[in-house]
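Chemist: Next up is a structure, given as structure tokens.
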Amino acid sequence: MMQILVLPTSGLAARAAAQFVGRTLRARPASVLGLPTGRTMIPFYREIARLHARGSCSFRRATTFNLDEFIGLRPGHPGSYRAFMHHHLIDAVDLPEASAHFPDIDGRDPGAYDDRIVRTGGMDLCVLGIGLTGHVGFNEPAAHLSARTHRVRLLPATRRANAYLFHGLARVPKYAVSMGMATILNSRTVILLATGAGKAAIVRRALAGPVTTRVPASLIQTHPNALVVLDRAAAAKFLSS
Ligand code: GLP
């Protein structure tokens, strides 16, 4: 079942999603979390850091798996999602560095990531953003989607949306590794957070349109325990549909 929560502002939406993560960690300190990147998530991680500073959530016993990572960046590259996570989460909370996992970017055996997730007991909660193309993680629209972690060629719109990390489009990698849709949907709970008017059209297609590989986020409609957190701007076209 999909529950949809609409908050008046992007800040309140980020806070609601962060509070959900906080409640998950309090209920089960050794939670296994799937985590996203993206500009939408910056206020979300800020709220998580605030909850942590207040003593309301600890990552000490948690394990995290990031959804995706670019291929072809030197280790420590500031545009990498690993760097993003350091900046916005790992350096701000008590998550042990060894407990934060990223997909294998040398691409030899991307599916090893899924095996590792299964070995930790599977994800309790996977937090998702949505790309303008309808992607979750880096699962881009296509006739077929990959179930497991795999290499992807990024669409031009996705590369443009990530240019802020690289000071220009030319430097944005063309390839990435992403968790597959089955791995994401196997998480016991999923939360999708989307904010801003720019996401209103794709949010409507994802939530009110048919379930289709052409909008990978629409597969969330099939999840038995999904929470969608929107601000009013991102919900506008969905609410009027
Ligand atoms: C990026 C990430 C996605 C993220 C999405 C939205 O490309 N790979 O996991 O959900 O795009 O990003 P933003 O929040 O910046 O719109």
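The way I read the labels, and the way they are meant: chains A, B, ... in the order of the structure tokens, residue 1 as the first residue of every chain, and ligand 1 as the first ligand shown, with later ones counted on from there.
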Enumerate as an mmCIF file with N, CA and C atoms, in the first residue's frame the residues within 10 Å of ligand 1, counting only C-alpha atoms and all ligand atoms.
Modeler:
data_model
loop_
_atom_site.group_PDB
_atom_site.id
_atom_site.type_symbol
_atom_site.label_atom_id
_atom_site.label_comp_id
_atom_site.auth_asym_id
_atom_site.auth_seq_id
_atom_site.Cartn_x
_atom_site.Cartn_y
_atom_site.Cartn_z
ATOM 1 N N LEU A 35 20.187 4.444 0.976
ATOM 2 C CA LEU A 35 20.211 5.912 1.023
ATOM 3 C C LEU A 35 20.484 6.547 -0.340
ATOM 4 N N PRO A 36 19.809 7.670 -0.568
ATOM 5 C CA PRO A 36 19.945 8.373 -1.851
ATOM 6 C C PRO A 36 20.841 9.607 -1.738
ATOM 7 N N THR A 37 21.108 10.197 -2.882
ATOM 8 C CA THR A 37 21.798 11.488 -2.948
ATOM 9 C C THR A 37 20.877 12.446 -3.715
ATOM 10 N N GLY A 38 21.397 13.590 -4.094
ATOM 11 C CA GLY A 38 20.585 14.556 -4.852
ATOM 12 C C GLY A 38 20.298 15.789 -4.016
ATOM 13 N N ARG A 39 19.957 16.867 -4.719
ATOM 14 C CA ARG A 39 19.734 18.141 -4.011
ATOM 15 C C ARG A 39 18.554 18.082 -3.061
ATOM 16 N N THR A 40 17.533 17.307 -3.425
ATOM 17 C CA THR A 40 16.365 17.151 -2.547
ATOM 18 C C THR A 40 16.787 16.655 -1.168
ATOM 19 N N MET A 41 17.857 15.868 -1.151
ATOM 20 C CA MET A 41 18.229 15.197 0.096
ATOM 21 C C MET A 41 19.087 16.064 1.010
ATOM 22 N N ILE A 42 19.551 17.209 0.523
ATOM 23 C CA ILE A 42 20.424 18.032 1.374
ATOM 24 C C ILE A 42 19.669 18.486 2.637
ATOM 25 N N ASN A 66 24.331 2.873 -0.224
ATOM 26 C CA ASN A 66 23.898 3.919 -1.152
ATOM 27 C C ASN A 66 23.321 3.314 -2.421
ATOM 28 N N LEU A 67 22.390 4.067 -2.999
ATOM 29 C CA LEU A 67 21.680 3.557 -4.172
ATOM 30 C C LEU A 67 22.559 3.485 -5.409
ATOM 31 N N ASP A 68 23.484 4.432 -5.514
ATOM 32 C CA ASP A 68 24.192 4.529 -6.784
ATOM 33 C C ASP A 68 25.513 5.286 -6.633
ATOM 34 N N GLU A 69 26.324 5.220 -7.670
ATOM 35 C CA GLU A 69 27.607 5.941 -7.688
ATOM 36 C C GLU A 69 28.043 6.094 -9.141
ATOM 37 N N PHE A 70 28.765 7.163 -9.414
ATOM 38 C CA PHE A 70 29.306 7.385 -10.762
ATOM 39 C C PHE A 70 30.483 6.454 -11.019
ATOM 40 N N TYR A 81 29.348 10.422 -5.176
ATOM 41 C CA TYR A 81 28.284 10.307 -4.168
ATOM 42 C C TYR A 81 28.864 9.918 -2.806
ATOM 43 N N VAL A 127 15.325 4.889 1.306
ATOM 44 C CA VAL A 127 14.872 6.254 1.029
ATOM 45 C C VAL A 127 15.197 6.551 -0.434
ATOM 46 N N LEU A 128 14.246 7.127 -1.141
ATOM 47 C CA LEU A 128 14.416 7.382 -2.573
ATOM 48 C C LEU A 128 14.108 8.831 -2.910
ATOM 49 N N GLY A 129 14.843 9.363 -3.872
ATOM 50 C CA GLY A 129 14.437 10.589 -4.533
ATOM 51 C C GLY A 129 13.862 10.187 -5.878
ATOM 52 N N ILE A 130 13.489 11.166 -6.669
ATOM 53 C CA ILE A 130 13.024 10.865 -8.030
ATOM 54 C C ILE A 130 13.708 11.836 -8.993
ATOM 55 N N GLY A 131 14.253 11.293 -10.067
ATOM 56 C CA GLY A 131 14.875 12.146 -11.077
ATOM 57 C C GLY A 131 13.817 12.692 -12.023
ATOM 58 N N LEU A 132 14.180 13.708 -12.763
ATOM 59 C CA LEU A 132 13.228 14.320 -13.711
ATOM 60 C C LEU A 132 12.793 13.327 -14.788
ATOM 61 N N THR A 133 13.624 12.310 -15.041
ATOM 62 C CA THR A 133 13.262 11.290 -16.036
ATOM 63 C C THR A 133 12.350 10.224 -15.426
ATOM 64 N N GLY A 134 12.123 10.291 -14.111
ATOM 65 C CA GLY A 134 11.349 9.249 -13.418
ATOM 66 C C GLY A 134 12.240 8.178 -12.834
ATOM 67 N N HIS A 135 13.573 8.424 -12.859
ATOM 68 C CA HIS A 135 14.459 7.389 -12.320
ATOM 69 C C HIS A 135 14.433 7.367 -10.798
ATOM 70 N N VAL A 136 14.694 6.195 -10.255
ATOM 71 C CA VAL A 136 15.015 6.052 -8.832
ATOM 72 C C VAL A 136 16.384 5.386 -8.786
ATOM 73 N N GLY A 137 17.249 5.846 -7.842
ATOM 74 C CA GLY A 137 18.651 5.487 -7.963
ATOM 75 C C GLY A 137 19.080 6.033 -9.313
ATOM 76 N N PHE A 138 19.689 5.190 -10.139
ATOM 77 C CA PHE A 138 19.965 5.583 -11.525
ATOM 78 C C PHE A 138 19.277 4.608 -12.472
ATOM 79 N N ASN A 139 18.123 4.087 -12.068
ATOM 80 C CA ASN A 139 17.361 3.214 -12.959
ATOM 81 C C ASN A 139 16.587 4.102 -13.919
ATOM 82 N N GLU A 140 17.161 4.277 -15.096
ATOM 83 C CA GLU A 140 16.581 5.179 -16.086
ATOM 84 C C GLU A 140 15.425 4.504 -16.826
ATOM 85 N N LEU A 154 23.937 7.055 -18.333
ATOM 86 C CA LEU A 154 23.059 8.121 -17.851
ATOM 87 C C LEU A 154 22.433 8.887 -19.012
ATOM 88 N N LEU A 155 21.164 9.244 -18.861
ATOM 89 C CA LEU A 155 20.483 10.033 -19.890
ATOM 90 C C LEU A 155 20.959 11.487 -19.810
ATOM 91 N N ALA A 157 19.384 14.257 -19.622
ATOM 92 C CA ALA A 157 18.684 15.054 -18.597
ATOM 93 C C ALA A 157 19.233 14.757 -17.207
ATOM 94 N N THR A 158 19.625 13.517 -16.982
ATOM 95 C CA THR A 158 20.178 13.136 -15.680
ATOM 96 C C THR A 158 21.572 13.718 -15.502
ATOM 97 N N ARG A 159 22.353 13.718 -16.584
ATOM 98 C CA ARG A 159 23.689 14.310 -16.491
ATOM 99 C C ARG A 159 23.562 15.813 -16.216
ATOM 100 N N ARG A 160 22.590 16.455 -16.874
ATOM 101 C CA ARG A 160 22.388 17.903 -16.613
ATOM 102 C C ARG A 160 21.998 18.137 -15.159
ATOM 103 N N ALA A 161 21.124 17.270 -14.619
ATOM 104 C CA ALA A 161 20.653 17.443 -13.232
ATOM 105 C C ALA A 161 21.786 17.243 -12.229
ATOM 106 N N ASN A 162 22.851 16.548 -12.644
ATOM 107 C CA ASN A 162 23.976 16.310 -11.733
ATOM 108 C C ASN A 162 25.158 17.245 -11.975
ATOM 109 N N ALA A 163 24.991 18.175 -12.925
ATOM 110 C CA ALA A 163 26.106 19.061 -13.284
ATOM 111 C C ALA A 163 26.547 19.923 -12.100
ATOM 112 N N TYR A 164 25.633 20.172 -11.151
ATOM 113 C CA TYR A 164 25.979 21.009 -9.992
ATOM 114 C C TYR A 164 27.119 20.398 -9.182
ATOM 115 N N LEU A 165 27.309 19.081 -9.285
ATOM 116 C CA LEU A 165 28.375 18.417 -8.522
ATOM 117 C C LEU A 165 29.731 18.528 -9.219
ATOM 118 N N ALA A 176 27.254 5.057 -14.627
ATOM 119 C CA ALA A 176 27.123 4.927 -13.180
ATOM 120 C C ALA A 176 26.766 3.478 -12.859
ATOM 121 N N VAL A 177 26.770 3.168 -11.574
ATOM 122 C CA VAL A 177 26.272 1.865 -11.110
ATOM 123 C C VAL A 177 25.090 2.158 -10.214
ATOM 124 N N SER A 178 24.027 1.385 -10.388
ATOM 125 C CA SER A 178 22.827 1.614 -9.577
ATOM 126 C C SER A 178 22.282 0.307 -9.034
ATOM 127 N N MET A 179 21.749 0.373 -7.830
ATOM 128 C CA MET A 179 20.935 -0.741 -7.328
ATOM 129 C C MET A 179 19.817 -0.970 -8.331
ATOM 130 N N LEU A 192 9.669 7.674 -0.585
ATOM 131 C CA LEU A 192 10.056 8.548 -1.698
ATOM 132 C C LEU A 192 9.852 9.992 -1.244
ATOM 133 N N LEU A 193 10.891 10.798 -1.340
ATOM 134 C CA LEU A 193 10.794 12.219 -0.987
ATOM 135 C C LEU A 193 10.973 13.042 -2.259
ATOM 136 N N ALA A 194 9.997 13.888 -2.566
ATOM 137 C CA ALA A 194 10.104 14.766 -3.737
ATOM 138 C C ALA A 194 9.575 16.143 -3.372
ATOM 139 N N THR A 195 10.326 17.160 -3.767
ATOM 140 C CA THR A 195 9.930 18.533 -3.445
ATOM 141 C C THR A 195 10.144 19.448 -4.650
ATOM 142 N N GLY A 196 9.371 20.512 -4.687
ATOM 143 C CA GLY A 196 9.571 21.553 -5.696
ATOM 144 C C GLY A 196 8.691 21.362 -6.918
ATOM 145 N N GLY A 198 9.334 21.731 -9.968
ATOM 146 C CA GLY A 198 9.998 21.041 -11.081
ATOM 147 C C GLY A 198 9.705 19.546 -11.106
ATOM 148 N N LYS A 199 9.335 18.984 -9.968
ATOM 149 C CA LYS A 199 9.071 17.546 -9.900
ATOM 150 C C LYS A 199 7.584 17.217 -10.052
ATOM 151 N N ALA A 217 10.032 5.055 -11.225
ATOM 152 C CA ALA A 217 9.466 5.365 -9.906
ATOM 153 C C ALA A 217 8.023 4.877 -9.771
#
Chemist: Quick one: DSSP strand (DSSP E) residues in region 2-228 of chain A, as a ChimeraX atom specification?
Modeler: /A:2-7,32-35,63-66,68-70,100-101,125-128,150-153,175-178,189-194,226-228
Chemist: Determine, counting only C-alpha atoms, which protein, DNA and RNA residues have an atom within 7 Å of an atom of Arg232 (chain A); residues of the same chain fewer than 4 positions away are not included. Present the result as a PyMOL selection string.
Modeler: chain A and resi 6-9+236
Chemist: Print the selection's residues with N, CA, C and O atoms to a file, as a PDB file, in the first residue's frame.
Modeler:
ATOM      1  N   VAL A   6       1.445  15.012   2.234  1.00  0.00           N
ATOM      2  CA  VAL A   6       1.768  16.288   1.572  1.00  0.00           C
ATOM      3  C   VAL A   6       1.953  17.361   2.647  1.00  0.00           C
ATOM      4  O   VAL A   6       1.062  17.598   3.451  1.00  0.00           O
ATOM      5  N   LEU A   7       3.133  17.980   2.659  1.00  0.00           N
ATOM      6  CA  LEU A   7       3.444  19.019   3.644  1.00  0.00           C
ATOM      7  C   LEU A   7       3.490  20.371   2.942  1.00  0.00           C
ATOM      8  O   LEU A   7       3.771  20.426   1.743  1.00  0.00           O
ATOM      9  N   PRO A   8       3.243  21.448   3.667  1.00  0.00           N
ATOM     10  CA  PRO A   8       3.192  22.758   3.014  1.00  0.00           C
ATOM     11  C   PRO A   8       4.508  23.204   2.372  1.00  0.00           C
ATOM     12  O   PRO A   8       4.488  23.889   1.354  1.00  0.00           O
ATOM     13  N   THR A   9       5.641  22.855   2.962  1.00  0.00           N
ATOM     14  CA  THR A   9       6.916  23.356   2.417  1.00  0.00           C
ATOM     15  C   THR A   9       7.919  22.212   2.245  1.00  0.00           C
ATOM     16  O   THR A   9       7.778  21.141   2.850  1.00  0.00           O
ATOM     17  N   ALA A 236       1.343  19.282  -6.603  1.00  0.00           N
ATOM     18  CA  ALA A 236       0.292  20.101  -7.235  1.00  0.00           C
ATOM     19  C   ALA A 236      -0.399  19.386  -8.396  1.00  0.00           C
ATOM     20  O   ALA A 236      -1.631  19.360  -8.460  1.00  0.00           O
TER      21      ALA A 236
END
Chemist: Between A:Asp106, A:Leu51, A:Pro156, A:Asp124, single out the one closest to Pro29 (chain A), counting only C-alpha atoms.
Modeler: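 Checking each candidate against Pro29 (chain A), we get A:Asp124 as the closest.
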Chemist: Could you state the separation of CA of His101 (chain A) and CA of Ser187 (chain A) in Å, given to one decimal place?
Modeler: 15.8 Å
Chemist: Quick one: everything within 10 Å of Val93 (chain A), counting only C-alpha atoms, minus sequence neighbours fewer than 3 positions away in the same chain. Send it as number ranges by chain.
Modeler: A: 45, 48-53, 57-60, 86, 88-90, 96
Chemist: Just N, CA and C atoms for this one: save the residues we selected as a JSON list (two decimals), in the first residue's frame.
Modeler:
[["chain", "number", "residue", "atom", "x", "y", "z"],
["A", 45, "TYR", "N", 19.10, 15.37, 4.94],
["A", 45, "TYR", "CA", 20.25, 14.98, 5.78],
["A", 45, "TYR", "C", 20.53, 16.02, 6.86],
["A", 48, "ILE", "N", 18.34, 15.12, 9.59],
["A", 48, "ILE", "CA", 18.84, 13.92, 10.28],
["A", 48, "ILE", "C", 19.98, 14.31, 11.21],
["A", 49, "ALA", "N", 20.89, 15.17, 10.74],
["A", 49, "ALA", "CA", 22.02, 15.60, 11.57],
["A", 49, "ALA", "C", 21.49, 16.33, 12.82],
["A", 50, "ARG", "N", 20.43, 17.10, 12.62],
["A", 50, "ARG", "CA", 19.83, 17.82, 13.75],
["A", 50, "ARG", "C", 19.23, 16.83, 14.76],
["A", 51, "LEU", "N", 18.53, 15.82, 14.25],
["A", 51, "LEU", "CA", 17.97, 14.80, 15.15],
["A", 51, "LEU", "C", 19.09, 14.10, 15.92],
["A", 52, "HIS", "N", 20.18, 13.83, 15.22],
["A", 52, "HIS", "CA", 21.31, 13.16, 15.85],
["A", 52, "HIS", "C", 21.92, 14.05, 16.94],
["A", 53, "ALA", "N", 22.08, 15.34, 16.62],
["A", 53, "ALA", "CA", 22.68, 16.28, 17.59],
["A", 53, "ALA", "C", 21.81, 16.37, 18.84],
["A", 57, "CYS", "N", 18.49, 10.28, 17.29],
["A", 57, "CYS", "CA", 18.75, 9.12, 16.43],
["A", 57, "CYS", "C", 20.23, 8.84, 16.34],
["A", 58, "SER", "N", 20.54, 7.55, 16.41],
["A", 58, "SER", "CA", 21.94, 7.12, 16.33],
["A", 58, "SER", "C", 22.10, 6.11, 15.21],
["A", 59, "PHE", "N", 23.22, 6.26, 14.48],
["A", 59, "PHE", "CA", 23.55, 5.34, 13.39],
["A", 59, "PHE", "C", 24.66, 4.37, 13.81],
["A", 60, "ARG", "N", 24.97, 4.36, 15.11],
["A", 60, "ARG", "CA", 26.13, 3.59, 15.59],
["A", 60, "ARG", "C", 26.04, 2.12, 15.18],
["A", 86, "HIS", "N", 29.67, 11.72, 2.69],
["A", 86, "HIS", "CA", 30.56, 12.14, 3.77],
["A", 86, "HIS", "C", 30.14, 13.50, 4.27],
["A", 88, "HIS", "N", 27.32, 15.22, 3.84],
["A", 88, "HIS", "CA", 25.97, 15.47, 4.35],
["A", 88, "HIS", "C", 25.52, 14.51, 5.45],
["A", 89, "LEU", "N", 26.16, 13.34, 5.56],
["A", 89, "LEU", "CA", 25.71, 12.41, 6.61],
["A", 89, "LEU", "C", 26.86, 11.86, 7.45],
["A", 90, "ILE", "N", 27.81, 11.18, 6.80],
["A", 90, "ILE", "CA", 28.79, 10.39, 7.58],
["A", 90, "ILE", "C", 29.58, 11.27, 8.56],
["A", 96, "PRO", "N", 29.58, 4.51, 11.65],
["A", 96, "PRO", "CA", 30.96, 4.10, 11.42],
["A", 96, "PRO", "C", 31.24, 4.03, 9.91]]
Chemist: Can you tell me, as a VMD selection string, what residues are no more than 9 Å from region 109-114 of chain A when counting only C-alpha atoms, ignoring any on the same chain fewer than 5 positions away?
Modeler: chain A and resid 65 101 to 104 119 122 148 to 151 177 to 180 183
Chemist: Run DSSP on the backbone and tell me which residues of region 44-125 of chain A come out as helix (DSSP H, G or I); list them as number ranges by chain.
Modeler: A: 44-53, 81-90, 97-99, 112-119
Chemist: Report, in Å to a single decimal, how far apart CA of Ala234 (chain A) and CA of Ala197 (chain A) are.
Modeler: 5.0 Å
Chemist: Let me make sure I understand: among A:Ile105, A:Val215, A:Ala92, A:Ala201, which one has the smallest atom-to-atom distance to His144 (chain A) if we use only C-alpha atoms?
Modeler: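 Between A:Ile105, A:Val215, A:Ala92, A:Ala201, the residue approaching His144 (chain A) most closely is A:Val215.
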Chemist: Taking 6 positions as the minimum chain separation for residues in the same chain, which residues sit within 10 Å of Thr212 (chain A) when counting only C-alpha atoms? Answer as a list in words.
Modeler: Pro141, Ala142, Ala143, His144, Leu145, Arg205, Ala206, Ser218 and Leu219 of chain A
Chemist: Which residue gives the smallest distance to Ala226 (chain A) among A:Arg214, A:Arg188, A:Gln19, A:Ala200, with only C-alpha atoms counted?
Modeler: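 Of the candidates, the smallest distance to Ala226 (chain A) is held by A:Arg188.
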Chemist: Considering only C-alpha atoms, can you say which of A:Ala233, A:Ile184, A:Leu239, A:Leu207 comes closest to Met2 (chain A)?
Modeler: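 Closest residue, counting only C-alpha atoms: A:Leu207.
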